[in-house]
Each structure stands twice: as structure tokens, then as C-alpha cells.
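> Just dropping this structure here.
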Amino acid sequence: LSYSALPRRKHKEEVHEPFLSFELYSIGGFSCVCPVLPPSTSSTKCLVRATAFSEGEVHYEQEVHCVAAERMETVLRVSVNDHDREEEVAYDTAVLGTLREGYRVFHMRNMKGTRIDSCFLLVHISFGTQVNAWV
């Protein structure tokens, strides 16, 4: 057996200025997404701009806090958006209650729902408790 890396496929349209969007969809209870704790608004969407680019890799350093009353009934949707074209180009979803602490990988999907080869989002997940003082 031998192994050789496959040549990188060129896409017709590359994303030059990608940003991330974190959204929460609650089936029951209260949820919000915010850059700092405690939450100041009940927004269910938070945008994160890239801090560094290097040969197909993009780095994001901002923290995003997902606050949910019912974790098993709340869906997190993470998407990559193209600033220039103002459209979504990739996404993935997960139920908050199924995520584990530590470093995790989201395997991004195209807009038809098919996983994109070599397109991953590495995130660090940690859990905490937040007093419900904003409702």
C-alpha cells in the first residue's frame, strides 16, 4: 500500500473574507447567544469576524457564549458566511445537550447538506452556570 496526498481542488469561487455566525433555535425554554456574560440582550445570533488568514486556514479568537434553559431542546447552527457576496457558504448543526466539553470539530456542509471535504471548524467547548437575571 502506498499513500499520496490528493491535489487540492480549486473551487470556482473562493471565500475571501469569511465570518462565522452562531445561532440558537430553541424548541422550548429561553436561549441567547452573546460575546460576553452576563447577556445584555436576548439575541439568538452572534457574528464573529476572522482575526488571521493563511493559505486556506482562517483563525477566529472571539468567545461566543450560548445560554440555554433547556440544552436538549436547543439546536446550535454554526455557519460560514462570505462577506463579499453576503451569503452563507457552509454550515453545521448540533443539539447543545449532545456536545461534550473540550476541543471538538464541526464537519461543515454545503448548502445542499453534503459534507465538504477538508472543511472543518475546530472549537473549544466548556460548560458553566449562568444566573437568569435578564428575563
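Each chain in the C-alpha cells gets a letter, A, B and so on, in the order shown; residues start at 1 in every chain, and ligands are counted from 1 in the order they appear.
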Could you make a table, as a Markdown table, of the residues of range 9-61 of chain A that have an atom within 10 Å of an atom of range 80-103 of chain A, each with its nearest atom pair and distance in Å to one decimal, counting only C-alpha atoms, in chain and number order?


```
| residue | atom | partner | partner_atom | distance |
| --- | --- | --- | --- | --- |
| A:Glu14 | CA | A:Asp82 | CA | 9.0 |
| A:Val15 | CA | A:Asp82 | CA | 5.7 |
| A:His16 | CA | A:Asp82 | CA | 7.2 |
| A:Glu17 | CA | A:His83 | CA | 5.5 |
| A:Pro18 | CA | A:Asp82 | CA | 4.8 |
| A:Phe19 | CA | A:Asn81 | CA | 5.3 |
| A:Leu20 | CA | A:Val80 | CA | 4.8 |
| A:Ser21 | CA | A:Val80 | CA | 6.4 |
| A:Phe22 | CA | A:Val80 | CA | 9.2 |
| A:Glu23 | CA | A:Thr93 | CA | 9.4 |
| A:Leu24 | CA | A:Leu96 | CA | 9.0 |
| A:Tyr25 | CA | A:Val95 | CA | 9.4 |
| A:Ser26 | CA | A:Val95 | CA | 9.8 |
| A:Leu47 | CA | A:Asn81 | CA | 9.5 |
| A:Val48 | CA | A:Val80 | CA | 9.7 |
| A:Arg49 | CA | A:His83 | CA | 9.6 |
```

> Excluding same-chain residues fewer than 5 positions from Phe106 in chain A, what lies within 7 Å of it counting only C-alpha atoms, as a PDB file with N, CA and C atoms, in the first residue's frame?


```
ATOM      1  N   ASP A  92     -23.137  23.777   9.870  1.00  0.00           N
ATOM      2  CA  ASP A  92     -23.336  22.516  10.567  1.00  0.00           C
ATOM      3  C   ASP A  92     -24.231  22.802  11.767  1.00  0.00           C
ATOM      4  N   PHE A 120     -13.421  21.976   8.015  1.00  0.00           N
ATOM      5  CA  PHE A 120     -13.724  21.717   9.419  1.00  0.00           C
ATOM      6  C   PHE A 120     -13.621  23.008  10.228  1.00  0.00           C
ATOM      7  N   LEU A 121     -14.343  23.031  11.331  1.00  0.00           N
ATOM      8  CA  LEU A 121     -14.259  24.142  12.272  1.00  0.00           C
ATOM      9  C   LEU A 121     -13.900  23.549  13.627  1.00  0.00           C
ATOM     10  N   LEU A 122     -12.726  23.895  14.148  1.00  0.00           N
ATOM     11  CA  LEU A 122     -12.264  23.412  15.436  1.00  0.00           C
ATOM     12  C   LEU A 122     -12.704  24.403  16.500  1.00  0.00           C
TER      13      LEU A 122
END
```

> Hey, what's within 8 Å of range 51-64 of chain A if we count only C-alpha atoms and toss same-chain stuff fewer than 3 positions away? As a PyMOL selection string, please?

chain A and resi 22+33-36+46+48

> Mind writing the picked residues with N, CA, C and O atoms as a compact mmCIF listing (two decimals), in the first residue's frame?


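Output file again_10.txt follows:
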```txt
# COMPACT_ATOMS: atom_id res chain seq x y z
N PHE A 22 -23.17 32.21 14.70
CA PHE A 22 -23.64 31.23 15.68
C PHE A 22 -25.09 31.57 15.98
O PHE A 22 -25.40 32.69 16.39
N VAL A 33 -27.45 34.01 22.40
CA VAL A 33 -26.03 33.92 22.04
C VAL A 33 -25.43 35.30 22.26
O VAL A 33 -26.00 36.31 21.83
N CYS A 34 -24.27 35.35 22.94
CA CYS A 34 -23.67 36.66 23.24
C CYS A 34 -22.15 36.53 23.31
O CYS A 34 -21.62 35.46 23.59
N PRO A 35 -21.42 37.63 23.07
CA PRO A 35 -19.96 37.59 23.15
C PRO A 35 -19.43 37.69 24.58
O PRO A 35 -18.30 37.31 24.83
N VAL A 36 -20.22 38.21 25.51
CA VAL A 36 -19.79 38.35 26.92
C VAL A 36 -20.92 37.92 27.85
O VAL A 36 -22.09 37.98 27.49
N CYS A 46 -25.05 35.53 16.75
CA CYS A 46 -23.83 36.28 17.02
C CYS A 46 -22.86 36.08 15.86
O CYS A 46 -22.65 34.94 15.42
N VAL A 48 -18.98 36.49 14.17
CA VAL A 48 -17.59 36.53 14.58
C VAL A 48 -16.72 36.75 13.35
O VAL A 48 -16.80 35.99 12.39
```

> Can you list every residue in range 3-126 of chain A that DSSP puts in helix (DSSP H, G or I), as a list in words?

Arg71, Met72, Glu73, Leu96, Gly97 and Thr98 of chain A

> With N, CA and C atoms retained, could you export that selection as a PDB file, in the first residue's frame?


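Output contents, as saved in result_35.pdb:
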```
ATOM      1  N   ARG A  71     -31.007  22.659  27.338  1.00  0.00           N
ATOM      2  CA  ARG A  71     -29.950  22.314  26.376  1.00  0.00           C
ATOM      3  C   ARG A  71     -30.353  21.227  25.391  1.00  0.00           C
ATOM      4  N   MET A  72     -31.125  20.239  25.837  1.00  0.00           N
ATOM      5  CA  MET A  72     -31.516  19.136  24.951  1.00  0.00           C
ATOM      6  C   MET A  72     -32.594  19.553  23.953  1.00  0.00           C
ATOM      7  N   GLU A  73     -33.203  20.697  24.154  1.00  0.00           N
ATOM      8  CA  GLU A  73     -34.232  21.199  23.237  1.00  0.00           C
ATOM      9  C   GLU A  73     -33.758  22.431  22.476  1.00  0.00           C
ATOM     10  N   LEU A  96     -27.357  21.293  21.600  1.00  0.00           N
ATOM     11  CA  LEU A  96     -26.437  21.723  22.655  1.00  0.00           C
ATOM     12  C   LEU A  96     -26.201  20.636  23.702  1.00  0.00           C
ATOM     13  N   GLY A  97     -27.238  19.926  24.057  1.00  0.00           N
ATOM     14  CA  GLY A  97     -27.124  18.909  25.094  1.00  0.00           C
ATOM     15  C   GLY A  97     -26.290  17.706  24.701  1.00  0.00           C
ATOM     16  N   THR A  98     -25.996  17.523  23.427  1.00  0.00           N
ATOM     17  CA  THR A  98     -25.196  16.379  22.981  1.00  0.00           C
ATOM     18  C   THR A  98     -23.714  16.715  22.855  1.00  0.00           C
TER      19      THR A  98
END
```

> Using Å and a single decimal, report how far CA of Val67 in chain A sits from CA of Ser42 in chain A.

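Those two atoms sit 9.5 Å apart.
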